[in-house]
$ cat upload35.cif   # mmCIF, C-alpha atoms and all ligand atoms
data_data
loop_
_atom_site.label_atom_id
_atom_site.label_comp_id
_atom_site.auth_asym_id
_atom_site.auth_seq_id
_atom_site.Cartn_x
_atom_site.Cartn_y
_atom_site.Cartn_z
CA MET A 4 93.51 95.84 79.54
CA ILE A 5 91.09 96.47 82.35
CA TYR A 6 92.41 96.60 85.87
CA ILE A 7 89.71 95.27 88.15
CA GLY A 8 89.89 93.64 91.56
CA ASN A 9 88.67 93.72 95.13
CA HIS A 10 89.96 94.04 98.69
CA VAL A 11 92.01 91.04 99.79
CA SER A 12 93.34 90.21 103.24
CA VAL A 13 97.01 90.70 104.06
CA ALA A 14 96.73 88.14 106.88
CA LYS A 15 98.53 85.39 104.93
CA GLY A 16 101.19 87.72 103.55
CA PHE A 17 101.82 89.71 100.37
CA LEU A 18 102.33 86.94 97.81
CA ALA A 19 99.16 85.25 99.10
CA MET A 20 97.19 88.41 98.24
CA GLY A 21 98.36 88.31 94.63
CA LYS A 22 97.55 84.62 94.33
CA GLU A 23 94.11 85.08 95.82
CA GLU A 24 93.30 87.91 93.43
CA LEU A 25 94.47 85.82 90.46
CA SER A 26 92.16 83.01 91.57
CA LEU A 27 89.25 85.47 91.39
CA GLY A 28 90.22 86.66 87.91
CA GLY A 29 91.39 90.09 89.11
CA THR A 30 94.13 92.26 87.60
CA THR A 31 94.64 94.65 90.53
CA PHE A 32 93.60 94.62 94.19
CA ALA A 33 93.26 96.67 97.33
CA PHE A 34 94.40 95.80 100.82
CA PHE A 35 94.25 97.43 104.21
CA THR A 36 97.71 98.47 105.36
CA ARG A 37 96.58 97.32 108.82
CA ASN A 38 93.35 96.19 110.42
CA PRO A 39 90.62 98.43 108.93
CA ARG A 40 89.60 99.50 112.43
CA GLY A 41 93.19 100.36 113.39
CA GLY A 42 95.83 98.46 115.34
CA ASN A 43 99.34 97.52 114.35
CA ALA A 44 100.50 96.83 110.81
CA LYS A 45 101.77 93.43 109.74
CA GLU A 46 105.56 93.29 109.56
CA ILE A 47 107.06 93.33 106.06
CA VAL A 48 108.93 90.15 105.06
CA PRO A 49 111.28 91.22 102.21
CA ASP A 50 111.19 87.84 100.37
CA ASP A 51 107.41 87.77 100.49
CA VAL A 52 107.14 91.31 99.07
CA ALA A 53 109.71 90.52 96.36
CA ALA A 54 107.72 87.42 95.37
CA LEU A 55 104.54 89.50 95.07
CA ARG A 56 106.31 92.13 92.96
CA GLU A 57 107.51 89.41 90.60
CA LEU A 58 104.01 87.94 90.31
CA LEU A 59 102.43 91.36 89.64
CA GLN A 60 104.89 92.01 86.85
CA GLU A 61 104.58 88.56 85.32
CA ARG A 62 100.78 88.72 85.26
CA ASN A 63 100.55 92.38 84.15
CA PHE A 64 98.68 93.67 87.17
CA GLY A 65 97.60 97.29 87.30
CA LYS A 66 98.56 99.63 90.11
CA LEU A 67 97.47 98.46 93.56
CA VAL A 68 95.30 100.66 95.75
CA ALA A 69 96.24 100.20 99.41
CA HIS A 70 93.71 101.56 101.90
CA ALA A 71 94.40 103.29 105.21
CA PRO A 72 92.36 102.15 108.23
CA TYR A 73 88.96 103.86 108.63
CA THR A 74 89.98 105.03 112.09
CA MET A 75 92.66 107.27 110.61
CA ASN A 76 91.35 110.85 110.88
CA LEU A 77 93.94 113.53 110.20
CA CYS A 78 91.51 116.31 111.14
CA SER A 79 90.15 114.90 114.39
CA ALA A 80 89.52 117.19 117.35
CA LYS A 81 90.89 114.47 119.68
CA GLU A 82 94.60 114.45 120.48
CA SER A 83 94.85 110.64 120.81
CA VAL A 84 93.19 110.11 117.40
CA LEU A 85 95.50 112.65 115.80
CA GLU A 86 98.57 111.01 117.29
CA PHE A 87 97.44 107.59 116.01
CA SER A 88 96.48 108.96 112.57
CA ASN A 89 99.76 110.75 111.99
CA ARG A 90 101.72 107.67 113.08
CA VAL A 91 99.70 105.41 110.75
CA LEU A 92 100.20 107.76 107.82
CA LYS A 93 103.95 107.90 108.37
CA GLU A 94 104.49 104.17 108.97
CA ASP A 95 102.19 102.95 106.22
CA LEU A 96 103.60 105.31 103.61
CA GLN A 97 107.11 104.11 104.50
CA LYS A 98 105.93 100.51 104.08
CA MET A 99 104.36 101.28 100.71
CA GLU A 100 107.82 102.13 99.37
CA ASN A 101 108.50 98.37 99.46
CA LEU A 102 105.88 98.13 96.70
CA PRO A 103 106.96 101.15 94.65
CA GLY A 104 104.68 102.78 92.10
CA ASN A 105 101.35 102.05 93.74
CA TYR A 106 98.63 104.04 95.51
CA PHE A 107 97.82 104.66 99.17
CA ASN A 108 94.21 105.76 99.55
CA PHE A 109 92.61 107.35 102.61
CA HIS A 110 89.37 108.99 103.71
CA PRO A 111 90.13 112.68 104.32
CA GLY A 112 88.34 112.41 107.68
CA SER A 113 85.66 114.13 109.74
CA HIS A 114 86.23 117.58 111.21
CA LEU A 115 83.86 116.98 114.14
CA GLY A 116 82.62 120.56 114.25
CA GLN A 117 85.98 122.29 113.74
CA GLY A 118 84.90 123.35 110.25
CA PHE A 119 86.26 122.59 106.80
CA GLU A 120 88.89 125.35 106.72
CA LYS A 121 90.68 124.08 109.81
CA ALA A 122 90.34 120.46 108.64
CA ALA A 123 91.85 121.23 105.22
CA ASP A 124 94.87 122.86 106.89
CA MET A 125 95.29 119.93 109.29
CA ILE A 126 95.15 117.34 106.50
CA ALA A 127 97.52 119.27 104.23
CA GLU A 128 99.98 119.80 107.10
CA ALA A 129 99.85 116.12 108.04
CA LEU A 130 100.61 115.19 104.42
CA ASP A 131 103.43 117.73 104.27
CA ARG A 132 105.11 116.16 107.31
CA VAL A 133 105.43 112.76 105.63
CA ILE A 134 105.35 113.12 101.83
CA LYS A 135 108.86 113.11 100.38
CA PRO A 136 109.66 114.54 96.93
CA ASP A 137 111.32 111.28 95.85
CA GLN A 138 108.72 108.83 97.16
CA LYS A 139 107.30 106.30 94.68
CA THR A 140 103.80 106.13 96.21
CA ILE A 141 100.97 108.46 95.23
CA VAL A 142 98.64 109.29 98.12
CA LEU A 143 94.95 109.35 97.16
CA LEU A 144 92.20 111.42 98.75
CA GLU A 145 88.91 109.54 98.43
CA THR A 146 85.68 111.26 97.37
CA MET A 147 83.23 110.94 100.26
CA ALA A 148 79.43 110.85 100.68
CA GLY A 149 79.41 113.97 102.87
CA LYS A 150 77.94 112.17 105.87
CA GLY A 151 77.91 114.24 109.10
CA THR A 152 81.06 116.38 109.31
CA GLU A 153 82.90 114.26 106.72
CA VAL A 154 85.44 116.16 104.63
CA GLY A 155 85.61 115.47 100.87
CA GLY A 156 81.89 115.36 100.06
CA CYS A 157 82.44 117.62 97.03
CA PHE A 158 85.23 117.96 94.49
CA GLU A 159 86.03 121.51 95.67
CA GLU A 160 87.06 120.26 99.13
CA LEU A 161 89.48 117.73 97.69
CA ARG A 162 91.00 120.35 95.40
CA GLU A 163 91.39 122.68 98.37
CA ILE A 164 93.34 120.06 100.39
CA ARG A 165 95.52 119.23 97.41
CA ASP A 166 96.18 122.92 96.70
CA ARG A 167 97.28 123.54 100.27
CA ALA A 168 99.82 120.70 100.28
CA ALA A 169 103.49 121.44 99.60
CA ILE A 170 103.95 118.64 97.04
CA PRO A 171 100.57 118.23 95.27
CA GLU A 172 102.18 116.07 92.55
CA LYS A 173 102.26 113.21 95.07
CA ILE A 174 98.54 113.58 95.81
CA GLY A 175 95.74 112.26 93.59
CA VAL A 176 92.07 111.36 93.97
CA CYS A 177 90.19 108.05 94.16
CA LEU A 178 86.62 108.39 92.89
CA ASP A 179 84.18 106.15 94.77
CA THR A 180 81.02 105.67 92.69
CA CYS A 181 78.80 105.03 95.74
CA HIS A 182 80.20 108.02 97.61
CA VAL A 183 79.91 110.56 94.75
CA TRP A 184 76.36 109.34 94.04
CA ASP A 185 75.40 109.68 97.70
CA ALA A 186 77.10 113.10 97.71
CA GLY A 187 74.73 114.24 94.92
CA TYR A 188 76.68 113.67 91.69
CA ASP A 189 74.31 111.90 89.27
CA ILE A 190 76.63 109.41 87.59
CA ALA A 191 73.62 107.36 86.40
CA ASP A 192 71.99 110.05 84.24
CA ASP A 193 74.90 112.41 83.66
CA LEU A 194 78.25 110.64 83.91
CA ASP A 195 79.83 112.94 81.31
CA GLY A 196 78.64 115.98 83.25
CA VAL A 197 80.10 114.65 86.52
CA LEU A 198 83.45 113.84 84.90
CA ASP A 199 83.48 117.29 83.24
CA GLU A 200 82.89 118.82 86.63
CA PHE A 201 85.71 116.74 88.13
CA ASP A 202 87.96 117.95 85.32
CA ARG A 203 86.98 121.59 85.81
CA VAL A 204 87.46 121.51 89.61
CA ILE A 205 90.33 119.03 90.23
CA GLY A 206 91.55 117.97 86.79
CA LEU A 207 91.14 114.49 85.32
CA ASP A 208 94.95 114.09 85.36
CA HIS A 209 94.63 113.68 89.12
CA LEU A 210 91.91 111.02 88.99
CA CYS A 211 94.02 107.93 89.69
CA ALA A 212 91.68 105.13 90.79
CA VAL A 213 88.00 104.21 91.06
CA HIS A 214 86.15 102.42 93.85
CA LEU A 215 83.39 100.64 91.94
CA ASN A 216 80.34 100.22 94.17
CA ASP A 217 76.59 100.41 93.83
CA SER A 218 74.69 102.34 96.51
CA LYS A 219 71.80 101.29 98.72
CA ASN A 220 70.53 104.87 98.75
CA THR A 221 69.35 107.61 96.40
CA CYS A 222 71.57 110.27 94.80
CA GLY A 223 72.26 113.02 97.33
CA SER A 224 71.31 110.92 100.38
CA HIS A 225 74.72 111.47 102.09
CA LYS A 226 74.52 107.96 103.55
CA ASP A 227 77.49 105.82 102.33
CA ARG A 228 76.06 102.29 102.26
CA HIS A 229 77.67 100.17 99.53
CA GLU A 230 75.67 97.63 97.51
CA LYS A 231 76.55 94.84 95.07
CA LEU A 232 76.82 95.93 91.43
CA GLY A 233 73.34 96.12 89.92
CA LEU A 234 71.42 95.62 93.18
CA GLY A 235 71.50 99.27 94.23
CA GLN A 236 70.18 102.65 93.14
CA ILE A 237 72.95 103.40 90.61
CA GLY A 238 72.34 100.22 88.64
CA LEU A 239 74.50 97.92 86.54
CA ASP A 240 74.16 99.79 83.22
CA ALA A 241 75.37 103.03 84.77
CA LEU A 242 78.26 101.33 86.58
CA LEU A 243 79.37 99.59 83.39
CA ARG A 244 79.30 102.95 81.62
CA VAL A 245 81.77 104.13 84.29
CA VAL A 246 84.01 101.13 83.63
CA ARG A 247 83.90 101.75 79.87
CA HIS A 248 84.26 105.53 79.94
CA PRO A 249 87.18 106.59 77.71
CA VAL A 250 88.78 108.93 80.27
CA LEU A 251 88.89 106.18 82.90
CA GLN A 252 90.67 103.54 80.82
CA GLY A 253 93.81 102.10 82.40
CA LYS A 254 92.84 103.11 85.95
CA PRO A 255 92.50 100.49 88.67
CA PHE A 256 88.84 99.74 89.55
CA ILE A 257 88.39 98.34 93.03
CA LEU A 258 85.21 96.60 94.18
CA GLU A 259 84.15 97.37 97.77
CA THR A 260 80.81 95.64 97.44
CA PRO A 261 79.35 93.47 100.23
CA ASN A 262 80.40 90.11 98.75
CA ASP A 263 82.16 86.83 99.43
CA ASN A 264 84.87 85.62 97.03
CA GLU A 265 82.35 83.95 94.75
CA GLY A 266 80.47 87.24 94.45
CA TYR A 267 83.68 89.14 93.69
CA ALA A 268 84.69 86.63 91.00
CA LYS A 269 81.27 87.15 89.33
CA GLU A 270 81.52 90.95 89.46
CA ILE A 271 85.08 90.86 88.09
CA ALA A 272 83.95 88.62 85.21
CA CYS A 273 81.00 90.93 84.50
CA VAL A 274 83.21 94.04 84.34
CA LYS A 275 85.77 92.28 82.13
CA ALA A 276 83.06 91.06 79.76
CA ALA A 277 81.70 94.60 79.36
CA GLN A 278 85.14 95.88 78.48
CA GLU A 279 85.93 93.04 76.13
CA ALA A 280 82.63 93.64 74.30
CA ASP A 281 83.82 97.20 73.66
CA ARG A 282 87.15 95.99 72.37
CA GLY A 283 85.36 93.53 70.06
CA SER A 284 83.20 96.26 68.53
CA ALA A 285 86.24 98.55 68.11
CA ASP A 286 88.01 95.76 66.23
CA GLU A 287 85.00 95.29 63.98
CA GLU A 288 85.04 98.98 63.14
CA LYS A 289 88.65 98.70 62.05
CA LEU A 290 87.82 95.83 59.63
ZN ZN B 301 85.66 103.60 98.80
#
$ encode --input "upload35.cif" --output "structure tokens" --more "lines below"
Ligand SMILES: [Zn+2]
Amino acid sequence: MIYIGNHVSVAKGFLAMGKEELSLGGTTFAFFTRNPRGGNAKEIVPDDVAALRELLQERNFGKLVAHAPYTMNLCSAKESVLEFSNRVLKEDLQKMENLPGNYFNFHPGSHLGQGFEKAADMIAEALDRVIKPDQKTIVLLETMAGKGTEVGGCFEELREIRDRAAIPEKIGVCLDTCHVWDAGYDIADDLDGVLDEFDRVIGLDHLCAVHLNDSKNTCGSHKDRHEKLGLGQIGLDALLRVVRHPVLQGKPFILETPNDNEGYAKEIACVKAAQEADRGSADEEKL
């Protein structure tokens, strides 16, 4: 079973997200816990959430990958941004407990000149204030392109944040193919090498989800501009090798490509076909 899907809007409620993803052929999805640029979160309607949970179970969806707003920066130098970011983290994590067993992904942030060491402490402390030992949500640190003063542009920085947190078992990593490529990890020519490196530095046990994107730029460009699968510099063959890689099976793959719903449905079908082809050849081997 491959878990593939895209970002859907929460505007029409929780059940509506599940139905929309089903209509696109998806088996997981991502959603912003509030407007991606910030603002207030949509109120939870218990019946609506219960209906979505039922649908997800009935249709064998994979784990969902909720996404924090981009404006959340737990290592900002600005007091107002910090206040907002800490409030968002607390409120949105509490809300995620209504959908137990899923992921809440966020960009570690930008240190804005304060330096990585200070940023890592700030992020770990912010996580420590809200993560509870009995919570059902795993918080994911996303691999970043290393643009400007962005934190998380190499695996070592993510490990460092995780190591400094009081309850690292509740913290995993979401690997974004566009971001790691832009950060300088050559997943097109050396996917095994990159995954080995991830394993050596962070541990593959902590790789929970994948953001599946092509990149408009070259490896190591530190740009972070997503492209449709196959139209960018990583290329379709390389991205399908990611989808089919044995150590990534069973993880949710989320498309964050610049697409409309028709484009997402096509990409979802393409990823599923690649995986099914593998299953077909495995079955033949057994015969
Ligand atoms: Zn991403």
$ residues_around --input "upload35.cif" --residues "A:Leu198" --least-positions-apart "4" --cutoff "8 Å" --atoms "all atoms listed in the file" --output "list of chain:residue names"
A:Leu194, A:Asp202, A:Leu207
$ residues_near_point --input "upload35.cif" --point "(80.6, 101.9, 80.2)" --cutoff "8 Å" --atoms "all atoms listed in the file" --output "VMD selection string"
chain A and resid 240 to 248 277 to 278
$ residues_near_ligand --input "upload35.cif" --ligand "ligand ZN 301 (chain B)" --cutoff "8 Å" --atoms "only C-alpha atoms and all ligand atoms" --output "number ranges by chain"
A: 145-147, 177-182, 214-216, 259
$ residues_around --input "upload35.cif" --residues "A:Ala268" --least-positions-apart "2" --cutoff "10 Å" --atoms "all atoms listed in the file" --output "PyMOL selection string"
chain A and resi 8-9+24-29+262-266+270-273
$ residues_around --input "upload35.cif" --residues "stretch 52-64 of chain A" --least-positions-apart "2" --cutoff "6 Å" --atoms "all atoms listed in the file" --output "list in words"
Phe17, Leu18, Thr30, Thr31, Pro49 and Asp50 of chain A
$ residues_around --input "upload35.cif" --residues "A:Ser79" --least-positions-apart "2" --cutoff "12 Å" --atoms "only C-alpha atoms" --output "JSON, numbers by chain"
{"A": [74, 75, 76, 77, 81, 82, 83, 84, 85, 86, 87, 88, 89, 111, 112, 113, 114, 115, 116, 117, 118, 119, 121, 122, 123, 124, 125, 126, 129, 152, 153, 154]}
$ closest_residue --input "upload35.cif" --among "A:Pro249, A:Gly196, A:Gly206, A:Asp131" --to "A:Arg167" --atoms "all atoms listed in the file"
A:Asp131
$ atom_distance --input "upload35.cif" --atom1 "atom CA of A:Asp95" --atom2 "atom CA of A:Gly253"
25.3 Å
$ closest_atom_pairs --input "upload35.cif" --of "stretch 155-209 of chain A" --to "stretch 225-239 of chain A" --cutoff "8 Å" --atoms "only C-alpha atoms" --output "tab-separated table"
residue	atom	partner	partner_atom	distance
A:Cys181	CA	A:His229	CA	6.3
A:His182	CA	A:Asp227	CA	5.9
A:Trp184	CA	A:Ile237	CA	7.7
A:Asp185	CA	A:His225	CA	4.8
A:Ala186	CA	A:His225	CA	5.2
A:Gly187	CA	A:His225	CA	7.7
A:Ile190	CA	A:Ile237	CA	7.7
A:Ala191	CA	A:Ile237	CA	5.8
$ residues_around --input "upload35.cif" --residues "A:Leu144" --least-positions-apart "2" --cutoff "8 Å" --atoms "all atoms listed in the file" --output "list in words"
Asn108, Phe109, His110, Pro111, Val142, Thr146, Leu161, Ile174, Gly175, Val176 and Cys177 of chain A
$ closest_residue --input "upload35.cif" --among "A:Tyr267, A:Tyr106, A:Tyr73, A:Phe35" --to "A:Lys173" --atoms "all atoms listed in the file"
A:Tyr106
$ atom_distance --input "upload35.cif" --atom1 "atom CA of A:Glu128" --atom2 "atom CA of A:Arg90"
13.6 Å
$ atom_distance --input "upload35.cif" --atom1 "atom CA of A:Asp137" --atom2 "atom CA of A:Met99"
13.1 Å
$ axis_aligned_box --input "upload35.cif" --around "stretch 61-66 of chain A" --padding-each-side "6 Å" --output "lines of an AutoDock Vina configuration file"
center_x = 101.1
center_y = 94.1
center_z = 87.1
size_x = 19.0
size_y = 23.1
size_z = 18.0
$ closest_residue --input "upload35.cif" --among "A:Ala69, A:Arg40, A:Ile257, A:Gln252" --to "A:Asp281" --atoms "all atoms listed in the file"
A:Gln252
$ closest_residue --input "upload35.cif" --among "A:Pro255, A:Gly223, A:Pro261, A:Pro171" --to "A:Lys66" --atoms "all atoms listed in the file"
A:Pro255
$ decode --input "upload35.cif" --residues "stretch 86-159 of chain A" --atoms "C-alpha atoms" --output "PDB file, in the first residue's frame"
ATOM      1  CA  GLU A  86       4.636  34.841  21.110  1.00  0.00           C
ATOM      2  CA  PHE A  87       2.553  33.940  18.036  1.00  0.00           C
ATOM      3  CA  SER A  88       4.706  30.884  17.211  1.00  0.00           C
ATOM      4  CA  ASN A  89       4.553  29.423  20.696  1.00  0.00           C
ATOM      5  CA  ARG A  90       0.788  29.953  20.849  1.00  0.00           C
ATOM      6  CA  VAL A  91       0.288  28.281  17.445  1.00  0.00           C
ATOM      7  CA  LEU A  92       2.415  25.308  18.448  1.00  0.00           C
ATOM      8  CA  LYS A  93       0.477  24.819  21.678  1.00  0.00           C
ATOM      9  CA  GLU A  94      -3.021  25.277  20.215  1.00  0.00           C
ATOM     10  CA  ASP A  95      -2.437  23.267  17.050  1.00  0.00           C
ATOM     11  CA  LEU A  96      -0.830  20.355  18.874  1.00  0.00           C
ATOM     12  CA  GLN A  97      -3.805  20.261  21.249  1.00  0.00           C
ATOM     13  CA  LYS A  98      -6.143  20.205  18.234  1.00  0.00           C
ATOM     14  CA  MET A  99      -4.189  17.381  16.609  1.00  0.00           C
ATOM     15  CA  GLU A 100      -5.109  15.145  19.556  1.00  0.00           C
ATOM     16  CA  ASN A 101      -8.629  15.071  18.072  1.00  0.00           C
ATOM     17  CA  LEU A 102      -7.054  13.131  15.182  1.00  0.00           C
ATOM     18  CA  PRO A 103      -4.803  10.839  17.232  1.00  0.00           C
ATOM     19  CA  GLY A 104      -1.869   8.997  15.698  1.00  0.00           C
ATOM     20  CA  ASN A 105      -0.963  11.494  12.989  1.00  0.00           C
ATOM     21  CA  TYR A 106       1.885  13.924  12.302  1.00  0.00           C
ATOM     22  CA  PHE A 107       2.306  17.654  12.839  1.00  0.00           C
ATOM     23  CA  ASN A 108       5.081  18.999  10.619  1.00  0.00           C
ATOM     24  CA  PHE A 109       6.815  22.364  10.904  1.00  0.00           C
ATOM     25  CA  HIS A 110       9.738  24.292   9.455  1.00  0.00           C
ATOM     26  CA  PRO A 111      12.345  24.652  12.226  1.00  0.00           C
ATOM     27  CA  GLY A 112      12.576  28.370  11.412  1.00  0.00           C
ATOM     28  CA  SER A 113      15.138  31.076  10.669  1.00  0.00           C
ATOM     29  CA  HIS A 114      17.522  32.304  13.359  1.00  0.00           C
ATOM     30  CA  LEU A 115      17.845  35.776  11.794  1.00  0.00           C
ATOM     31  CA  GLY A 116      21.483  36.195  12.784  1.00  0.00           C
ATOM     32  CA  GLN A 117      21.230  34.777  16.315  1.00  0.00           C
ATOM     33  CA  GLY A 118      23.190  31.707  15.215  1.00  0.00           C
ATOM     34  CA  PHE A 119      22.329  28.019  15.097  1.00  0.00           C
ATOM     35  CA  GLU A 120      23.271  27.204  18.702  1.00  0.00           C
ATOM     36  CA  LYS A 121      20.818  29.703  20.165  1.00  0.00           C
ATOM     37  CA  ALA A 122      18.134  28.691  17.639  1.00  0.00           C
ATOM     38  CA  ALA A 123      18.474  24.990  18.486  1.00  0.00           C
ATOM     39  CA  ASP A 124      18.005  25.757  22.187  1.00  0.00           C
ATOM     40  CA  MET A 125      14.991  27.972  21.487  1.00  0.00           C
ATOM     41  CA  ILE A 126      13.285  25.350  19.313  1.00  0.00           C
ATOM     42  CA  ALA A 127      13.985  22.503  21.751  1.00  0.00           C
ATOM     43  CA  GLU A 128      12.721  24.596  24.686  1.00  0.00           C
ATOM     44  CA  ALA A 129       9.573  25.562  22.790  1.00  0.00           C
ATOM     45  CA  LEU A 130       8.906  21.875  22.045  1.00  0.00           C
ATOM     46  CA  ASP A 131       9.572  20.944  25.676  1.00  0.00           C
ATOM     47  CA  ARG A 132       6.933  23.422  26.868  1.00  0.00           C
ATOM     48  CA  VAL A 133       4.156  21.738  24.885  1.00  0.00           C
ATOM     49  CA  ILE A 134       5.044  18.110  24.138  1.00  0.00           C
ATOM     50  CA  LYS A 135       3.391  15.753  26.622  1.00  0.00           C
ATOM     51  CA  PRO A 136       4.666  12.207  27.246  1.00  0.00           C
ATOM     52  CA  ASP A 137       1.212  10.743  26.552  1.00  0.00           C
ATOM     53  CA  GLN A 138       0.344  12.728  23.419  1.00  0.00           C
ATOM     54  CA  LYS A 139      -0.668  10.748  20.322  1.00  0.00           C
ATOM     55  CA  THR A 140       0.810  13.165  17.771  1.00  0.00           C
ATOM     56  CA  ILE A 141       4.398  12.978  16.536  1.00  0.00           C
ATOM     57  CA  VAL A 142       5.905  16.388  15.779  1.00  0.00           C
ATOM     58  CA  LEU A 143       8.039  16.473  12.621  1.00  0.00           C
ATOM     59  CA  LEU A 144      10.996  18.733  11.907  1.00  0.00           C
ATOM     60  CA  GLU A 145      11.204  19.339   8.161  1.00  0.00           C
ATOM     61  CA  THR A 146      14.497  19.184   6.259  1.00  0.00           C
ATOM     62  CA  MET A 147      15.107  22.636   4.775  1.00  0.00           C
ATOM     63  CA  ALA A 148      16.975  24.074   1.761  1.00  0.00           C
ATOM     64  CA  GLY A 149      19.281  26.163   3.961  1.00  0.00           C
ATOM     65  CA  LYS A 150      18.126  29.463   2.487  1.00  0.00           C
ATOM     66  CA  GLY A 151      19.412  32.560   4.342  1.00  0.00           C
ATOM     67  CA  THR A 152      19.506  31.897   8.099  1.00  0.00           C
ATOM     68  CA  GLU A 153      17.136  28.917   7.823  1.00  0.00           C
ATOM     69  CA  VAL A 154      17.685  26.196  10.420  1.00  0.00           C
ATOM     70  CA  GLY A 155      17.552  22.543   9.310  1.00  0.00           C
ATOM     71  CA  GLY A 156      19.544  22.770   6.065  1.00  0.00           C
ATOM     72  CA  CYS A 157      21.579  19.696   7.043  1.00  0.00           C
ATOM     73  CA  PHE A 158      20.750  16.487   8.884  1.00  0.00           C
ATOM     74  CA  GLU A 159      23.143  17.379  11.742  1.00  0.00           C
TER      75      GLU A 159
END
